[in-house]
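As provided, my_file.pdb (PDB, C-alpha atoms, pLDDT in the B column) reads as follows.
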```
MODEL        1
ATOM      1  CA  MET Y1052      17.771 -10.666 -19.505  1.00 52.00           C
ATOM      2  CA  LYS Y1053      15.445 -13.102 -21.236  1.00 53.00           C
ATOM      3  CA  SER Y1054      12.042 -14.018 -19.871  1.00 54.00           C
ATOM      4  CA  ASP Y1055      11.295 -17.599 -18.849  1.00 62.00           C
ATOM      5  CA  SER Y1056       9.247 -18.176 -22.009  1.00 67.00           C
ATOM      6  CA  GLN Y1057      12.101 -17.447 -24.431  1.00 75.00           C
ATOM      7  CA  PRO Y1058      14.909 -19.917 -25.096  1.00 77.00           C
ATOM      8  CA  LEU Y1059      18.281 -19.026 -23.698  1.00 81.00           C
ATOM      9  CA  ASP Y1060      21.000 -18.319 -26.258  1.00 87.00           C
ATOM     10  CA  PRO Y1061      24.295 -19.325 -24.612  1.00 89.00           C
ATOM     11  CA  ASP Y1062      26.240 -17.588 -27.378  1.00 90.00           C
ATOM     12  CA  ALA Y1063      24.803 -14.244 -26.239  1.00 92.00           C
ATOM     13  CA  PHE Y1064      27.012 -14.349 -23.135  1.00 93.00           C
ATOM     14  CA  GLN Y1065      30.421 -12.949 -24.065  1.00 92.00           C
ATOM     15  CA  GLY Y1066      33.159 -11.002 -22.304  1.00 93.00           C
ATOM     16  CA  PHE Y1067      32.507 -12.138 -18.752  1.00 94.00           C
ATOM     17  CA  THR Y1068      35.245 -13.048 -16.270  1.00 95.00           C
ATOM     18  CA  PRO Y1069      36.292 -16.643 -16.919  1.00 93.00           C
ATOM     19  CA  GLY Y1070      35.497 -19.285 -14.316  1.00 95.00           C
ATOM     20  CA  PRO Y1071      35.768 -20.964 -12.058  1.00 96.00           C
ATOM     21  CA  TRP Y1072      34.026 -18.665  -9.630  1.00 97.00           C
ATOM     22  CA  SER Y1073      33.765 -19.369  -5.909  1.00 96.00           C
ATOM     23  CA  ALA Y1074      31.077 -18.546  -3.369  1.00 95.00           C
ATOM     24  CA  GLN Y1075      32.056 -16.787  -0.152  1.00 93.00           C
ATOM     25  CA  HIS Y1076      29.144 -17.449   2.190  1.00 88.00           C
ATOM     26  CA  ALA Y1077      30.366 -15.259   5.042  1.00 86.00           C
ATOM     27  CA  THR Y1078      30.482 -12.135   2.861  1.00 88.00           C
ATOM     28  CA  GLY Y1079      27.930 -13.002   0.167  1.00 89.00           C
ATOM     29  CA  GLU Y1080      30.599 -12.436  -2.461  1.00 94.00           C
ATOM     30  CA  VAL Y1081      31.377 -14.339  -5.632  1.00 96.00           C
ATOM     31  CA  GLU Y1082      35.047 -14.345  -6.581  1.00 97.00           C
ATOM     32  CA  SER Y1083      37.315 -15.581  -9.349  1.00 96.00           C
ATOM     33  CA  ASP Y1084      41.079 -15.821  -9.690  1.00 95.00           C
ATOM     34  CA  GLU Y1085      40.876 -12.309 -11.154  1.00 95.00           C
ATOM     35  CA  GLY Y1086      39.061 -10.829  -8.140  1.00 95.00           C
ATOM     36  CA  ARG Y1087      35.570 -10.068  -6.925  1.00 96.00           C
ATOM     37  CA  ILE Y1088      32.717 -10.728  -9.358  1.00 96.00           C
ATOM     38  CA  CYS Y1089      29.788  -9.468  -7.305  1.00 94.00           C
ATOM     39  CA  GLU Y1090      28.218  -9.349  -3.869  1.00 92.00           C
ATOM     40  CA  VAL Y1091      24.723 -10.550  -3.019  1.00 87.00           C
ATOM     41  CA  ASP Y1092      22.801  -7.902  -1.077  1.00 78.00           C
ATOM     42  CA  GLN Y1093      22.657  -8.942   2.562  1.00 72.00           C
ATOM     43  CA  HIS Y1094      20.476  -6.023   3.694  1.00 64.00           C
ATOM     44  CA  ASP Y1095      17.454  -8.258   4.297  1.00 63.00           C
ATOM     45  CA  LEU Y1096      19.477 -10.586   6.526  1.00 63.00           C
ATOM     46  CA  TYR Y1097      19.698  -8.092   9.397  1.00 64.00           C
ATOM     47  CA  ASP Y1098      17.089  -6.491  11.618  1.00 68.00           C
ATOM     48  CA  ASP Y1099      17.115  -2.830  12.741  1.00 68.00           C
ATOM     49  CA  ASN Y1100      19.624  -3.661  15.514  1.00 71.00           C
ATOM     50  CA  GLY Y1101      22.129  -5.210  13.110  1.00 66.00           C
ATOM     51  CA  GLU Y1102      21.337  -8.760  14.229  1.00 69.00           C
ATOM     52  CA  ARG Y1103      20.818 -11.657  11.806  1.00 65.00           C
ATOM     53  CA  GLU Y1104      17.114 -12.026  10.962  1.00 66.00           C
ATOM     54  CA  ASP Y1105      16.690 -15.758  10.503  1.00 70.00           C
ATOM     55  CA  ALA Y1106      18.353 -18.892   9.202  1.00 72.00           C
ATOM     56  CA  GLU Y1107      15.996 -19.096   6.199  1.00 75.00           C
ATOM     57  CA  SER Y1108      17.139 -15.724   4.831  1.00 75.00           C
ATOM     58  CA  ASP Y1109      20.770 -16.674   5.419  1.00 78.00           C
ATOM     59  CA  ALA Y1110      20.284 -20.008   3.630  1.00 84.00           C
ATOM     60  CA  ARG Y1111      18.619 -18.234   0.694  1.00 84.00           C
ATOM     61  CA  MET Y1112      21.532 -15.786   0.420  1.00 85.00           C
ATOM     62  CA  CYS Y1113      24.026 -18.692   0.471  1.00 88.00           C
ATOM     63  CA  ALA Y1114      22.039 -20.530  -2.203  1.00 91.00           C
ATOM     64  CA  ASN Y1115      21.984 -17.391  -4.380  1.00 91.00           C
ATOM     65  CA  VAL Y1116      25.749 -16.970  -3.988  1.00 94.00           C
ATOM     66  CA  GLU Y1117      26.279 -20.629  -4.955  1.00 96.00           C
ATOM     67  CA  LEU Y1118      24.050 -20.294  -8.026  1.00 96.00           C
ATOM     68  CA  ILE Y1119      25.825 -17.147  -9.205  1.00 96.00           C
ATOM     69  CA  ALA Y1120      29.230 -18.763  -8.617  1.00 97.00           C
ATOM     70  CA  ALA Y1121      28.160 -21.726 -10.745  1.00 97.00           C
ATOM     71  CA  ALA Y1122      27.267 -19.498 -13.731  1.00 96.00           C
ATOM     72  CA  PRO Y1123      30.407 -20.145 -15.834  1.00 97.00           C
ATOM     73  CA  ALA Y1124      30.134 -23.925 -15.333  1.00 96.00           C
ATOM     74  CA  LEU Y1125      26.392 -23.865 -16.071  1.00 96.00           C
ATOM     75  CA  LEU Y1126      26.978 -21.871 -19.259  1.00 95.00           C
ATOM     76  CA  ALA Y1127      29.716 -24.271 -20.388  1.00 95.00           C
ATOM     77  CA  GLU Y1128      27.412 -27.242 -19.753  1.00 95.00           C
ATOM     78  CA  CYS Y1129      24.579 -25.554 -21.662  1.00 93.00           C
ATOM     79  CA  LYS Y1130      26.882 -25.062 -24.659  1.00 93.00           C
ATOM     80  CA  ARG Y1131      28.074 -28.670 -24.428  1.00 93.00           C
ATOM     81  CA  GLN Y1132      24.482 -29.936 -24.354  1.00 91.00           C
ATOM     82  CA  ARG Y1133      23.566 -27.839 -27.411  1.00 89.00           C
ATOM     83  CA  GLU Y1134      26.526 -29.308 -29.306  1.00 91.00           C
ATOM     84  CA  GLU Y1135      25.464 -32.815 -28.288  1.00 91.00           C
ATOM     85  CA  ILE Y1136      21.891 -32.178 -29.441  1.00 89.00           C
ATOM     86  CA  ALA Y1137      23.184 -30.958 -32.811  1.00 88.00           C
ATOM     87  CA  ARG Y1138      25.327 -34.105 -33.100  1.00 89.00           C
ATOM     88  CA  LEU Y1139      22.338 -36.320 -32.257  1.00 88.00           C
ATOM     89  CA  ARG Y1140      20.142 -34.465 -34.756  1.00 86.00           C
ATOM     90  CA  ASP Y1141      22.738 -35.022 -37.487  1.00 88.00           C
ATOM     91  CA  ALA Y1142      23.015 -38.721 -36.579  1.00 87.00           C
ATOM     92  CA  LEU Y1143      19.229 -39.062 -36.630  1.00 85.00           C
ATOM     93  CA  ASP Y1144      19.029 -37.444 -40.058  1.00 84.00           C
ATOM     94  CA  ALA Y1145      21.782 -39.692 -41.414  1.00 84.00           C
ATOM     95  CA  ALA Y1146      20.055 -42.807 -40.069  1.00 81.00           C
ATOM     96  CA  PHE Y1147      16.672 -41.727 -41.410  1.00 80.00           C
ATOM     97  CA  PHE Y1148      18.005 -41.115 -44.909  1.00 78.00           C
ATOM     98  CA  ALA Y1149      20.078 -44.330 -44.853  1.00 78.00           C
ATOM     99  CA  ILE Y1150      16.925 -46.277 -44.008  1.00 73.00           C
ATOM    100  CA  GLY Y1151      15.140 -44.510 -46.868  1.00 71.00           C
ATOM    101  CA  ARG Y1152      17.872 -45.401 -49.347  1.00 70.00           C
ATOM    102  CA  ALA Y1153      17.908 -49.030 -48.195  1.00 69.00           C
ATOM    103  CA  GLY Y1154      14.147 -49.249 -48.658  1.00 65.00           C
ATOM    104  CA  GLY Y1155      14.137 -47.754 -52.127  1.00 58.00           C
ATOM    105  CA  ASN Y1156      13.288 -44.256 -50.816  1.00 58.00           C
ATOM    106  CA  THR Y1157       9.848 -45.426 -49.784  1.00 57.00           C
ATOM    107  CA  LEU Y1158       9.705 -44.464 -46.133  1.00 59.00           C
ATOM    108  CA  THR Y1159       6.361 -45.213 -44.596  1.00 65.00           C
ATOM    109  CA  SER Y1160       4.291 -42.674 -42.768  1.00 65.00           C
ATOM    110  CA  PRO Y1161       5.078 -44.202 -39.331  1.00 71.00           C
ATOM    111  CA  HIS Y1162       8.814 -43.916 -40.053  1.00 70.00           C
ATOM    112  CA  ARG Y1163       8.463 -40.303 -41.089  1.00 74.00           C
ATOM    113  CA  ALA Y1164       6.301 -39.545 -38.044  1.00 78.00           C
ATOM    114  CA  ALA Y1165       8.885 -41.133 -35.732  1.00 79.00           C
ATOM    115  CA  TRP Y1166      11.655 -39.121 -37.364  1.00 78.00           C
ATOM    116  CA  GLU Y1167       9.669 -35.863 -37.094  1.00 81.00           C
ATOM    117  CA  THR Y1168       8.890 -36.582 -33.439  1.00 82.00           C
ATOM    118  CA  ALA Y1169      12.558 -37.262 -32.642  1.00 83.00           C
ATOM    119  CA  ARG Y1170      13.704 -34.114 -34.481  1.00 81.00           C
ATOM    120  CA  ALA Y1171      11.113 -32.015 -32.670  1.00 82.00           C
ATOM    121  CA  ALA Y1172      12.204 -33.436 -29.322  1.00 83.00           C
ATOM    122  CA  LEU Y1173      15.837 -32.592 -30.088  1.00 81.00           C
ATOM    123  CA  ALA Y1174      14.768 -29.068 -31.028  1.00 79.00           C
ATOM    124  CA  GLY Y1175      12.702 -28.718 -27.844  1.00 76.00           C
ATOM    125  CA  GLU Y1176       9.487 -28.399 -29.838  1.00 72.00           C
ATOM    126  CA  ALA Y1177       6.197 -30.243 -30.000  1.00 61.00           C
ATOM    127  CA  PRO Y1178       5.974 -32.613 -32.978  1.00 56.00           C
ATOM    128  CA  ALA Y1179       4.142 -31.169 -35.981  1.00 58.00           C
ATOM    129  CA  HIS Y1180       1.698 -34.068 -36.349  1.00 50.00           C
ATOM    130  CA  GLU Y1181       0.104 -33.614 -32.907  1.00 45.00           C
TER     131      GLU Y1181
ENDMDL
END
```
Can the structure from this file be put into structure tokens for me?
Amino acid sequence: MKSDSQPLDPDAFQGFTPGPWSAQHATGEVESDEGRICEVDQHDLYDDNGEREDAESDARMCANVELIAAAPALLAECKRQREEIARLRDALDAAFFAIGRAGGNTLTSPHRAAWETARAALAGEAPAHE
């Protein structure tokens, strides 16, 4: 598991049960067409007498089950977004170099700075000139 400060590598996730997954709120289970994926621990939802503790704990468990069930769709969307960013980066590079060729390869500093800023944004980084 990666920490929050490290970028997530969607390609690192291989071999899991394909989606879609579904959330079963009554049992705290996540299921797929192939069977049970996991069960969210419901221990904290009950008091010593076996009664439900509170609605907040129940809502949190349901939200956790929903988030886990959404994992395959979230991973697919993450991969799609990375592909789109790569496509945009390539288009930006092509436009930048086409502008340079049209201007006799004399791109001005503001043009280069704008290009570097856009590339950094697409890479999720701070621009180098800041």
- Task: Would you mind telling me which residue in Y:Ala1142, Y:Ala1074, Y:Ile1150, Y:Ala1137 lies nearest to Y:Ala1122 when using all atoms listed in the file?
- Result: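 Selected residue with least distance to Y:Ala1122: Y:Ala1074.
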- Of the candidates Y:Glu1085, Y:Glu1107, Y:Glu1117, Y:Glu1176, which one gets nearest to Y:Ser1073 if we count all atoms listed in the file?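 Of Y:Glu1085, Y:Glu1107, Y:Glu1117, Y:Glu1176, the one nearest Y:Ser1073, counting all atoms listed in the file, is Y:Glu1117.
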- Message: Please report the interatomic distance between atom CA of Y:Cys1129 and atom CA of Y:Leu1143 in Å with one decimal.
- Response: 20.9 Å
- Item | Residues returned when the PyMOL selection byres ((chain Y and resi 1116) around 9) runs on this file, as a PyMOL selection string | chain Y and resi 1073-1076+1079-1081+1090-1091+1111-1115+1117-1121
- Check the smallest atom-to-atom distance from each of Y:Glu1167, Y:Phe1067, Y:Arg1138, Y:Ala1174 to Y:Pro1123 using all atoms listed in the file, then report the winner.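 Of the candidates, the smallest distance to Y:Pro1123 is held by Y:Phe1067.
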- Message: Using all atoms listed in the file, which protein or nucleic acid residues come within 12 Å of Y:Gly1175? Drop anything in the same chain fewer than 3 positions from it, and give the result as a ChimeraX atom specification.
- Response: /Y:1057-1059,1133,1136-1137,1140,1168-1172,1178
- d(atom CA of Y:Arg1131, atom CA of Y:Ala1063) in Å: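 Separation of atom CA of Y:Arg1131 and atom CA of Y:Ala1063: 14.9 Å.
Between atom CA of Y:Asp1141 and atom CA of Y:Ala1127 lies a distance of 21.4 Å.
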- Item | Residue nearest Y:Arg1087 among Y:Arg1163, Y:Trp1072, Y:Ala1110, Y:Ala1149 (counting only C-alpha atoms) |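 Checking each candidate against Y:Arg1087, we get Y:Trp1072 as the closest.
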- Query: Which is closest to Y:Leu1125 among Y:Asp1109, Y:Ala1164, Y:Pro1071, Y:Asp1144, if we use only C-alpha atoms?
  - Reply: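 So, comparing all the options, the nearest one is Y:Pro1071.
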